[in-house]
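Trainee: Sharing target-v5.txt below, compact mmCIF, C-alpha atoms:
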```txt
# COMPACT_ATOMS: atom_id res chain seq x y z
CA MET A 1 52.27 -43.39 13.23
CA ASN A 2 53.38 -43.25 16.82
CA GLU A 3 51.45 -40.72 18.77
CA LYS A 4 52.24 -39.85 22.32
CA THR A 5 50.03 -37.77 24.50
CA MET A 6 51.81 -35.14 26.50
CA THR A 7 50.74 -34.08 29.94
CA VAL A 8 50.46 -30.39 30.79
CA GLU A 9 53.61 -30.54 32.93
CA GLU A 10 55.58 -32.20 30.18
CA ALA A 11 54.36 -29.65 27.63
CA GLN A 12 55.32 -26.77 29.91
CA HIS A 13 58.74 -28.30 30.49
CA PHE A 14 59.21 -28.79 26.75
CA GLU A 15 58.17 -25.21 26.06
CA GLN A 16 60.60 -23.96 28.69
CA ILE A 17 63.49 -25.87 27.10
CA LEU A 18 62.61 -24.42 23.70
CA ARG A 19 62.41 -20.91 25.10
CA GLU A 20 65.78 -21.21 26.82
CA GLU A 21 67.47 -22.39 23.64
CA SER A 22 65.81 -19.94 21.29
CA ILE A 23 67.54 -16.61 20.74
CA CYS A 24 64.32 -15.07 19.39
CA THR A 25 63.84 -12.53 22.14
CA ASN A 26 63.30 -8.80 21.92
CA GLU A 27 66.82 -7.97 23.09
CA ASN A 28 68.35 -9.88 20.17
CA LEU A 29 66.00 -8.42 17.56
CA VAL A 30 68.01 -6.77 14.77
CA PHE A 31 65.45 -6.46 11.99
CA GLU A 32 61.68 -6.25 12.02
CA VAL A 33 58.99 -4.85 9.79
CA PRO A 34 58.54 -1.12 10.47
CA ASP A 35 55.44 0.05 12.34
CA THR A 36 54.43 2.36 9.49
CA LEU A 37 53.88 -0.68 7.26
CA THR A 38 50.44 -2.18 7.94
CA ASP A 39 49.76 -5.89 8.47
CA ASN A 40 47.88 -6.26 5.18
CA THR A 41 49.23 -8.80 2.71
CA MET A 42 50.47 -6.92 -0.36
CA HIS A 43 48.65 -7.53 -3.62
CA TYR A 44 51.85 -7.30 -5.68
CA CYS A 45 53.08 -10.28 -7.68
CA PRO A 46 55.74 -12.52 -6.09
CA GLY A 47 59.15 -10.87 -6.28
CA CYS A 48 57.89 -7.39 -7.19
CA GLY A 49 60.15 -4.49 -6.21
CA HIS A 50 57.22 -2.35 -5.02
CA GLY A 51 57.12 -4.24 -1.73
CA VAL A 52 60.75 -3.43 -0.92
CA ALA A 53 60.25 0.21 -1.95
CA HIS A 54 57.22 0.51 0.36
CA ARG A 55 59.14 -1.07 3.21
CA ILE A 56 62.18 1.21 2.95
CA ILE A 57 59.93 4.29 2.86
CA ALA A 58 58.20 3.02 6.01
CA GLU A 59 61.58 2.35 7.65
CA VAL A 60 62.79 5.88 6.91
CA ILE A 61 59.56 7.39 8.25
CA ASP A 62 59.94 5.34 11.44
CA GLU A 63 63.61 6.26 11.86
CA LEU A 64 62.95 9.98 11.45
CA ASP A 65 59.80 9.67 13.60
CA ILE A 66 57.68 11.66 11.13
CA GLN A 67 54.73 9.30 10.76
CA LYS A 68 52.24 11.97 11.88
CA ASP A 69 53.73 14.64 9.63
CA THR A 70 54.07 12.76 6.36
CA ILE A 71 51.63 12.94 3.46
CA GLY A 72 52.08 10.66 0.46
CA VAL A 73 50.51 10.91 -2.97
CA ALA A 74 49.78 7.57 -4.64
CA PRO A 75 49.77 7.32 -8.44
CA VAL A 76 47.65 5.34 -10.86
CA GLY A 77 49.34 2.04 -11.58
CA CYS A 78 50.19 -1.06 -9.59
CA SER A 79 50.97 1.05 -6.52
CA VAL A 80 47.60 2.86 -6.57
CA LEU A 81 46.72 0.96 -3.38
CA ALA A 82 49.87 2.10 -1.56
CA TYR A 83 47.66 3.63 1.14
CA ASN A 84 46.61 0.11 2.16
CA TYR A 85 50.18 -0.64 3.18
CA LEU A 86 51.59 2.67 4.43
CA ASN A 87 50.00 3.80 7.67
CA ILE A 88 50.28 7.55 6.93
CA ASP A 89 48.04 10.21 5.40
CA MET A 90 47.79 9.61 1.69
CA SER A 91 46.00 11.12 -1.26
CA GLY A 92 45.22 9.74 -4.68
CA ALA A 93 45.82 11.67 -7.87
CA ALA A 94 44.63 11.53 -11.48
CA HIS A 95 46.91 9.55 -13.76
CA GLY A 96 50.30 11.27 -13.94
CA ARG A 97 49.27 14.27 -11.82
CA ALA A 98 50.75 13.14 -8.50
CA ALA A 99 53.49 15.79 -8.63
CA ALA A 100 50.90 18.53 -9.14
CA VAL A 101 48.75 17.26 -6.24
CA ALA A 102 51.85 17.02 -4.03
CA THR A 103 52.67 20.64 -4.94
CA GLY A 104 49.25 21.74 -3.74
CA ILE A 105 49.50 19.79 -0.48
CA LYS A 106 53.00 21.14 0.27
CA ARG A 107 51.97 24.75 -0.41
CA VAL A 108 48.93 24.53 1.89
CA LEU A 109 50.77 22.56 4.60
CA PRO A 110 54.41 23.64 4.34
CA ASP A 111 55.40 21.98 7.64
CA LYS A 112 54.46 18.49 6.47
CA TYR A 113 56.74 16.06 4.65
CA VAL A 114 55.21 15.43 1.23
CA PHE A 115 56.26 12.76 -1.24
CA SER A 116 54.79 11.32 -4.41
CA TYR A 117 55.26 7.69 -5.41
CA GLN A 118 55.00 7.15 -9.15
CA GLY A 119 55.74 4.52 -11.75
CA ASP A 120 57.30 5.06 -15.15
CA GLY A 121 54.07 5.07 -17.14
CA ASP A 122 52.61 7.55 -14.67
CA LEU A 123 55.58 9.91 -14.29
CA ALA A 124 57.39 9.65 -17.62
CA ALA A 125 54.50 9.23 -20.08
CA ILE A 126 51.15 10.53 -18.91
CA GLY A 127 52.43 13.08 -16.41
CA THR A 128 55.59 14.28 -18.20
CA GLY A 129 54.35 17.89 -18.24
CA GLU A 130 53.42 17.95 -14.55
CA THR A 131 56.69 16.26 -13.55
CA ILE A 132 58.95 18.57 -15.55
CA HIS A 133 57.20 21.76 -14.44
CA THR A 134 57.11 20.67 -10.78
CA CYS A 135 60.85 19.99 -10.98
CA ASN A 136 61.46 23.27 -12.77
CA ARG A 137 59.57 25.24 -10.11
CA GLY A 138 61.66 23.51 -7.46
CA GLU A 139 58.79 22.58 -5.18
CA ASN A 140 60.02 21.36 -1.83
CA ILE A 141 58.79 17.77 -2.22
CA LEU A 142 60.24 14.31 -2.77
CA ILE A 143 59.37 12.38 -5.93
CA ILE A 144 59.99 8.62 -5.79
CA PHE A 145 60.08 7.20 -9.30
CA ILE A 146 59.72 3.43 -9.73
CA ASN A 147 61.20 2.48 -13.11
CA ASN A 148 60.53 -1.03 -14.39
CA GLY A 149 60.40 -0.19 -18.08
CA ILE A 150 56.84 -1.33 -18.65
CA TYR A 151 53.19 -0.55 -17.84
CA GLY A 152 52.59 -3.12 -15.11
CA MET A 153 48.93 -2.82 -14.08
CA THR A 154 47.39 -2.58 -17.54
CA GLY A 155 49.12 -5.69 -18.84
CA GLY A 156 52.65 -4.98 -20.01
CA GLN A 157 52.38 -2.26 -22.68
CA MET A 158 55.44 -0.34 -23.83
CA ALA A 159 56.44 2.60 -21.64
CA PRO A 160 58.78 5.49 -22.57
CA THR A 161 61.47 3.82 -20.44
CA THR A 162 61.21 0.43 -22.22
CA LEU A 163 64.67 -0.60 -23.45
CA VAL A 164 65.53 -0.90 -27.16
CA GLY A 165 64.63 -4.39 -28.35
CA MET A 166 62.58 -5.17 -25.24
CA LYS A 167 59.36 -7.02 -25.97
CA SER A 168 56.02 -5.82 -24.62
CA THR A 169 52.41 -6.37 -25.65
CA THR A 170 52.47 -3.23 -27.83
CA SER A 171 55.97 -3.89 -29.19
CA PRO A 172 55.81 -7.67 -29.75
CA PHE A 173 58.92 -7.68 -31.96
CA GLY A 174 60.95 -5.55 -29.57
CA ARG A 175 61.18 -1.77 -29.30
CA ASP A 176 62.29 -0.29 -32.60
CA VAL A 177 64.04 3.10 -32.37
CA GLU A 178 62.95 4.26 -35.83
CA THR A 179 59.23 3.95 -35.24
CA MET A 180 58.95 4.09 -31.43
CA GLY A 181 61.82 6.38 -30.45
CA ALA A 182 64.63 5.80 -27.99
CA PRO A 183 64.08 5.14 -24.27
CA LEU A 184 63.52 8.30 -22.24
CA LYS A 185 66.00 8.93 -19.45
CA ILE A 186 63.77 11.31 -17.55
CA THR A 187 66.01 11.34 -14.48
CA GLU A 188 68.93 12.79 -16.46
CA LEU A 189 66.48 15.19 -18.13
CA ILE A 190 65.15 16.72 -14.94
CA ALA A 191 68.64 16.80 -13.36
CA GLN A 192 69.45 19.65 -15.77
CA LEU A 193 66.67 21.82 -14.38
CA PRO A 194 67.77 24.47 -11.86
CA GLY A 195 64.86 23.70 -9.49
CA THR A 196 66.03 20.22 -8.52
CA TYR A 197 68.35 19.87 -5.55
CA TYR A 198 69.18 16.16 -5.29
CA VAL A 199 68.66 13.65 -8.10
CA THR A 200 69.77 10.05 -7.73
CA ARG A 201 69.16 6.60 -9.18
CA THR A 202 69.05 3.48 -7.03
CA ALA A 203 67.82 -0.11 -7.29
CA VAL A 204 66.37 -2.72 -4.93
CA ASN A 205 67.67 -5.93 -6.50
CA SER A 206 70.35 -6.78 -3.91
CA PRO A 207 70.79 -6.19 -0.16
CA ASN A 208 73.48 -3.59 -0.80
CA ASN A 209 71.36 -1.65 -3.28
CA VAL A 210 68.42 -1.72 -0.86
CA ARG A 211 70.63 -0.09 1.80
CA LYS A 212 71.72 2.60 -0.69
CA ALA A 213 68.14 3.27 -1.78
CA LYS A 214 67.08 3.66 1.84
CA ALA A 215 69.96 6.07 2.51
CA ALA A 216 68.93 8.16 -0.53
CA ILE A 217 65.30 8.40 0.63
CA LYS A 218 66.39 9.30 4.15
CA LYS A 219 68.70 12.01 2.84
CA SER A 220 65.87 13.42 0.72
CA PHE A 221 63.51 13.69 3.70
CA GLU A 222 66.27 15.45 5.64
CA TYR A 223 66.78 17.94 2.79
CA GLN A 224 63.05 18.53 2.72
CA LYS A 225 63.14 19.43 6.40
CA LEU A 226 65.77 22.06 5.59
CA ASN A 227 63.65 23.43 2.68
CA LYS A 228 66.40 22.72 0.18
CA GLY A 229 64.22 22.02 -2.85
CA LEU A 230 63.00 19.15 -4.94
CA CYS A 231 64.56 15.72 -4.42
CA PHE A 232 64.09 12.99 -7.00
CA VAL A 233 64.88 9.35 -6.25
CA GLU A 234 64.58 6.86 -9.10
CA ILE A 235 64.35 3.19 -8.08
CA VAL A 236 65.02 0.70 -10.90
CA THR A 237 62.90 -2.38 -10.23
CA ASN A 238 61.73 -5.53 -11.92
CA CYS A 239 58.33 -6.65 -13.19
CA PRO A 240 58.46 -10.47 -13.24
CA SER A 241 54.89 -10.94 -14.48
CA ASN A 242 55.08 -8.66 -17.49
CA TRP A 243 58.67 -9.43 -18.35
CA LYS A 244 57.45 -13.08 -18.39
CA MET A 245 60.21 -14.28 -16.06
CA THR A 246 60.59 -15.78 -12.62
CA PRO A 247 61.59 -13.31 -9.88
CA LEU A 248 65.18 -14.62 -9.92
CA GLU A 249 65.47 -14.40 -13.70
CA SER A 250 64.02 -10.91 -13.69
CA ASN A 251 66.57 -9.68 -11.16
CA LYS A 252 69.35 -11.17 -13.27
CA TRP A 253 67.92 -9.57 -16.41
CA LEU A 254 67.69 -6.26 -14.57
CA GLU A 255 71.38 -6.42 -13.67
CA GLU A 256 72.44 -7.39 -17.18
CA ASN A 257 70.23 -5.07 -19.22
CA MET A 258 68.56 -2.33 -17.18
CA LEU A 259 71.50 -1.27 -15.03
CA PRO A 260 73.99 -0.71 -17.91
CA PHE A 261 71.46 1.64 -19.56
CA TYR A 262 70.27 3.21 -16.29
CA PRO A 263 73.53 3.45 -14.30
CA LEU A 264 73.13 3.76 -10.53
CA GLY A 265 74.46 6.66 -8.52
CA ASP A 266 73.93 10.35 -7.82
CA ILE A 267 73.13 12.33 -10.96
CA LYS A 268 72.87 15.71 -9.27
CA LYS A 269 74.53 16.18 -5.92
CA PRO A 270 73.91 19.17 -3.68
CA SER A 271 76.55 21.78 -4.41
CA ASN A 272 77.52 22.52 -0.79
CA MET B 273 86.53 -14.35 17.98
CA ALA B 274 83.11 -13.72 19.26
CA LYS B 275 80.64 -16.28 18.08
CA VAL B 276 77.59 -14.92 16.28
CA LYS B 277 74.36 -16.84 16.23
CA GLY B 278 71.31 -15.75 14.31
CA ASP B 279 67.77 -16.86 13.80
CA ILE B 280 64.82 -15.76 11.70
CA ILE B 281 61.06 -16.00 12.00
CA ILE B 282 59.12 -16.23 8.74
CA ASP B 283 55.43 -15.40 8.47
CA ILE B 284 54.70 -18.30 6.10
CA GLU B 285 51.07 -17.28 5.51
CA LYS B 286 52.22 -14.07 3.77
CA CYS B 287 55.07 -15.70 1.82
CA LYS B 288 54.69 -15.80 -1.97
CA GLY B 289 57.68 -18.05 -2.61
CA CYS B 290 59.68 -15.68 -4.82
CA GLU B 291 62.97 -17.15 -3.50
CA LEU B 292 64.78 -13.79 -3.52
CA CYS B 293 65.77 -14.35 0.12
CA ALA B 294 67.19 -17.79 -0.64
CA THR B 295 69.46 -16.25 -3.29
CA ALA B 296 70.52 -13.39 -1.03
CA CYS B 297 71.43 -15.71 1.86
CA PRO B 298 75.24 -16.12 2.01
CA GLN B 299 74.89 -19.25 4.16
CA ASP B 300 72.42 -21.03 1.83
CA SER B 301 70.19 -21.81 4.78
CA LEU B 302 66.83 -21.07 3.13
CA GLU B 303 64.88 -23.26 0.77
CA LEU B 304 61.41 -23.47 -0.73
CA SER B 305 59.16 -25.88 1.13
CA ARG B 306 57.30 -28.66 -0.64
CA LYS B 307 54.21 -27.71 1.32
CA ILE B 308 51.95 -24.81 0.43
CA ASN B 309 50.27 -22.13 2.55
CA SER B 310 46.57 -21.28 2.50
CA LYS B 311 47.00 -19.07 -0.59
CA GLY B 312 48.60 -21.90 -2.53
CA TYR B 313 52.18 -20.63 -2.57
CA HIS B 314 55.18 -22.75 -1.67
CA TYR B 315 56.76 -20.94 1.25
CA ILE B 316 60.35 -20.43 2.39
CA VAL B 317 61.72 -22.43 5.30
CA LYS B 318 65.05 -22.42 7.12
CA ILE B 319 66.75 -25.76 6.51
CA GLU B 320 70.19 -25.21 8.05
CA ASP B 321 71.07 -24.05 11.53
CA ASN B 322 73.95 -21.83 10.39
CA CYS B 323 72.21 -18.44 10.34
CA THR B 324 74.45 -15.51 11.27
CA GLY B 325 71.70 -12.88 11.44
CA CYS B 326 73.14 -10.79 8.57
CA THR B 327 69.60 -9.50 7.64
CA ASN B 328 70.20 -9.95 3.88
CA CYS B 329 67.07 -12.08 3.48
CA ALA B 330 64.90 -9.53 5.28
CA LEU B 331 66.33 -6.65 3.23
CA VAL B 332 65.36 -8.14 -0.13
CA CYS B 333 62.01 -9.63 0.99
CA PRO B 334 59.31 -7.79 -0.99
CA ASP B 335 56.59 -8.73 1.46
CA GLY B 336 58.40 -7.81 4.67
CA ILE B 337 57.68 -11.08 6.45
CA ILE B 338 61.09 -11.90 7.95
CA LYS B 339 62.15 -10.97 11.47
CA VAL B 340 65.85 -11.36 12.24
CA TYR B 341 67.48 -12.03 15.61
CA ARG B 342 71.19 -11.98 16.33
CA LYS B 343 73.12 -12.86 19.46
CA THR B 344 76.83 -12.40 19.93
CA GLU B 345 78.29 -14.69 22.53
CA LYS B 346 81.10 -12.66 24.02
CA LYS B 347 84.29 -14.45 24.91
CA LYS B 348 85.20 -14.44 28.58
CA GLU B 349 86.80 -11.17 29.44
CA HIS B 350 90.16 -11.07 31.18
CA VAL B 351 89.31 -9.30 34.39
CA ALA B 352 92.09 -9.96 36.89
CA THR B 353 95.39 -11.79 37.27
CA ILE B 354 96.36 -13.36 40.58
CA GLN B 355 100.01 -13.98 41.27
CA ASN B 356 101.34 -15.97 44.15
CA VAL B 357 105.08 -15.43 44.04
CA THR B 358 106.40 -14.76 47.52
CA GLY B 359 103.54 -16.08 49.47
CA ASP B 360 101.73 -12.75 49.40
CA ILE B 361 98.94 -12.64 46.88
CA THR B 362 99.11 -9.84 44.27
CA VAL B 363 95.96 -9.07 42.34
CA THR B 364 96.19 -7.04 39.12
CA VAL B 365 92.87 -5.75 37.88
CA ASN B 366 92.57 -4.78 34.23
CA SER B 367 91.22 -1.28 33.70
```
Would you mind writing the file's structure down as structure tokens?

Mentor:
Amino acid sequence: MNEKTMTVEEAQHFEQILREESICTNENLVFEVPDTLTDNTMHYCPGCGHGVAHRIIAEVIDELDIQKDTIGVAPVGCSVLAYNYLNIDMSGAAHGRAAAVATGIKRVLPDKYVFSYQGDGDLAAIGTGETIHTCNRGENILIIFINNGIYGMTGGQMAPTTLVGMKSTTSPFGRDVETMGAPLKITELIAQLPGTYYVTRTAVNSPNNVRKAKAAIKKSFEYQKLNKGLCFVEIVTNCPSNWKMTPLESNKWLEENMLPFYPLGDIKKPSN
Amino acid sequence: MAKVKGDIIIDIEKCKGCELCATACPQDSLELSRKINSKGYHYIVKIEDNCTGCTNCALVCPDGIIKVYRKTEKKKEHVATIQNVTGDITVTVNS
């Protein structure tokens, strides 16, 4: 191999040429990781939707400049370590009880922005009671619901939101409606309650859907500032590891199977 | 038409090689490297110099490791017209 030693002058000259040609300067910067997201490497599996969901929450917090005034409640599940990645005040909660803990925080500190971040096993199975009653009371909080149709952290067991025929470790032959019941559309369920103000379903599988999800979260924080009532944002995501697929396959499967059953869009729009 | 030039910086040490960005890229300028980073993942590299800075890759990246830069090279603006018809010079300045 030909190796050539470079003198300091040559190296400086070379560096200068590179710098002149590169457009990577602060004035041309159009997208960077938000400040609210910490530098820690996320522990999520490759291709997991949690990372995008965390990032858009951090982006919204940065854009509204409410980093000091936001309190999050992390669930039990894959995202239990969300406080390692979001540089805001966060609290943990017992499994499924994040909505109840968020209620308490919001009532004691009504000026703060409070949100809970929950998965489908947490919100729709173990904490169904807490979720429905919090929504019915119309607490002035934001609930972010990550729906991937499976228990991720514990190893891929069937969740209430698992699709009919979908295989999991506790439904190895596919979900059977007769013995296991039909999938629970909890977002439609709580949209009927008078306490909820804004209920929507989004996804993070494509750039366009990520933009829509971010807009929905931003709108919800703005409603919370105006004391409008409970906002509920469902984000349909993938779980490549437990669906036993590559990230690309899982996103394709999500589009073909999850989205027809869980259609995207606003389910309850503010009346005014 | 104004020419748009983009560039990205990838933090390869945090990349997990999920390839979602490569699929989202409309210019097909990203590809998985044959090399691996210190965690053992193949990482994403930019192979083509046709980036337009559309931010699609950064939007779908689950690990938030892509920084996007975009520069629009403006075409030369038409500022003034100089006419020399009768010997006297007339200068018309666009508003």

Trainee: Point out the residue among A:Asn87, A:Thr128, A:Gln224, A:Asn148 with the least atom-to-atom distance to A:Leu254, counting all atoms listed in the file.

Mentor: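 Closest residue, counting all atoms listed in the file: A:Asn148.
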
Trainee: Compile the contact shell of stretch 37-41 of chain A as a count of residues only: residues with an atom at most 6 Å away, counting only C-alpha atoms, same-chain residues fewer than 2 positions apart removed.

Mentor: 6

Trainee: Kindly give the distance, in Å, that separates atom CA of A:Cys135 and atom CA of A:Gly195, rounded to a single decimal.

Mentor: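 One can read the atom CA of A:Cys135 to atom CA of A:Gly195 distance as 5.7 Å.
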
Trainee: Any chance you could tabulate, as a Markdown table, the residues of chain B at most 12 Å from chain A with each one's nearest atom pair and distance in Å to one decimal, using only C-alpha atoms, in chain and rising number order?

Mentor:
```
| residue | atom | partner | partner_atom | distance |
| --- | --- | --- | --- | --- |
| B:Val276 | CA | A:Ile23 | CA | 11.1 |
| B:Lys277 | CA | A:Ile23 | CA | 8.2 |
| B:Gly278 | CA | A:Ile23 | CA | 7.5 |
| B:Asp279 | CA | A:Cys24 | CA | 6.8 |
| B:Ile280 | CA | A:Cys24 | CA | 7.7 |
| B:Ile281 | CA | A:Cys24 | CA | 8.1 |
| B:Ile282 | CA | A:Glu32 | CA | 10.8 |
| B:Asp283 | CA | A:Thr41 | CA | 10.7 |
| B:Ile284 | CA | A:Thr41 | CA | 11.5 |
| B:Glu285 | CA | A:Thr41 | CA | 9.1 |
| B:Lys286 | CA | A:Thr41 | CA | 6.2 |
| B:Cys287 | CA | A:Pro46 | CA | 8.6 |
| B:Lys288 | CA | A:Pro46 | CA | 5.4 |
| B:Gly289 | CA | A:Pro46 | CA | 6.8 |
| B:Cys290 | CA | A:Gly47 | CA | 5.1 |
| B:Glu291 | CA | A:Leu248 | CA | 7.2 |
| B:Leu292 | CA | A:Leu248 | CA | 6.5 |
| B:Cys293 | CA | A:Pro207 | CA | 9.6 |
| B:Ala294 | CA | A:Leu248 | CA | 10.0 |
| B:Thr295 | CA | A:Leu248 | CA | 8.1 |
| B:Ala296 | CA | A:Ser206 | CA | 7.2 |
| B:Cys297 | CA | A:Pro207 | CA | 9.8 |
| B:Pro298 | CA | A:Pro207 | CA | 11.1 |
| B:Lys311 | CA | A:Thr41 | CA | 11.0 |
| B:Tyr313 | CA | A:Pro46 | CA | 9.5 |
| B:His314 | CA | A:Pro46 | CA | 11.2 |
| B:Tyr315 | CA | A:Pro46 | CA | 11.2 |
| B:Asp321 | CA | A:Ser22 | CA | 11.8 |
| B:Cys323 | CA | A:Ile23 | CA | 11.5 |
| B:Thr324 | CA | A:Val30 | CA | 11.4 |
| B:Gly325 | CA | A:Val30 | CA | 7.9 |
| B:Cys326 | CA | A:Val30 | CA | 9.0 |
| B:Thr327 | CA | A:Phe31 | CA | 6.7 |
| B:Asn328 | CA | A:Pro207 | CA | 5.6 |
| B:Cys329 | CA | A:Pro207 | CA | 7.9 |
| B:Ala330 | CA | A:Phe31 | CA | 7.4 |
| B:Leu331 | CA | A:Pro207 | CA | 5.6 |
| B:Val332 | CA | A:Pro207 | CA | 5.8 |
| B:Cys333 | CA | A:Val52 | CA | 6.6 |
| B:Pro334 | CA | A:Gly51 | CA | 4.2 |
| B:Asp335 | CA | A:Gly51 | CA | 5.5 |
| B:Gly336 | CA | A:Val33 | CA | 5.9 |
| B:Ile337 | CA | A:Val33 | CA | 7.2 |
| B:Ile338 | CA | A:Glu32 | CA | 7.0 |
| B:Lys339 | CA | A:Glu32 | CA | 4.8 |
| B:Val340 | CA | A:Phe31 | CA | 4.9 |
| B:Tyr341 | CA | A:Leu29 | CA | 4.4 |
| B:Arg342 | CA | A:Asn28 | CA | 5.2 |
| B:Lys343 | CA | A:Asn28 | CA | 5.7 |
| B:Thr344 | CA | A:Asn28 | CA | 8.8 |
| B:Glu345 | CA | A:Ile23 | CA | 11.1 |
```

Trainee: Pick out the residues sitting within 10 Å of stretch 255-265 of chain A, and hand them over as a PyMOL selection string; count all atoms listed in the file, and ignore anything fewer than 3 positions along from it in its own chain.

Mentor: chain A and resi 147-149+161-164+166+183+185+187-188+199-203+205-206+209+212-213+216+234-238+249-252+268-269

Trainee: Mind listing as a ChimeraX atom specification all residues within 12 Å of (55.9, 22.5, -3.5), counting only C-alpha atoms?

Mentor: /A:98-116,131,133-143,195-196,224,227-231

Trainee: What is the distance between atom CA of B:Ile319 and atom CA of B:Glu303, in Å to one decimal?

Mentor: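 Taking atom CA of B:Ile319 and atom CA of B:Glu303, their separation equals 6.5 Å.
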
Trainee: Atom CA of B:Val317 and atom CA of B:Leu304, how far apart in Å?

Mentor: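 We find that atom CA of B:Leu304 and atom CA of B:Val317 lie 6.1 Å from each other.
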
Trainee: Each side padded by 8 Å, which centre and which edge lengths in Å (one decimal) define the axis-aligned box around the listed atoms of stretch 203-218 of chain A? Give them as lines of an AutoDock Vina configuration file.

Mentor:
```
center_x = 69.4
center_y = 1.3
center_z = -1.6
size_x = 24.2
size_y = 32.1
size_z = 27.4
```
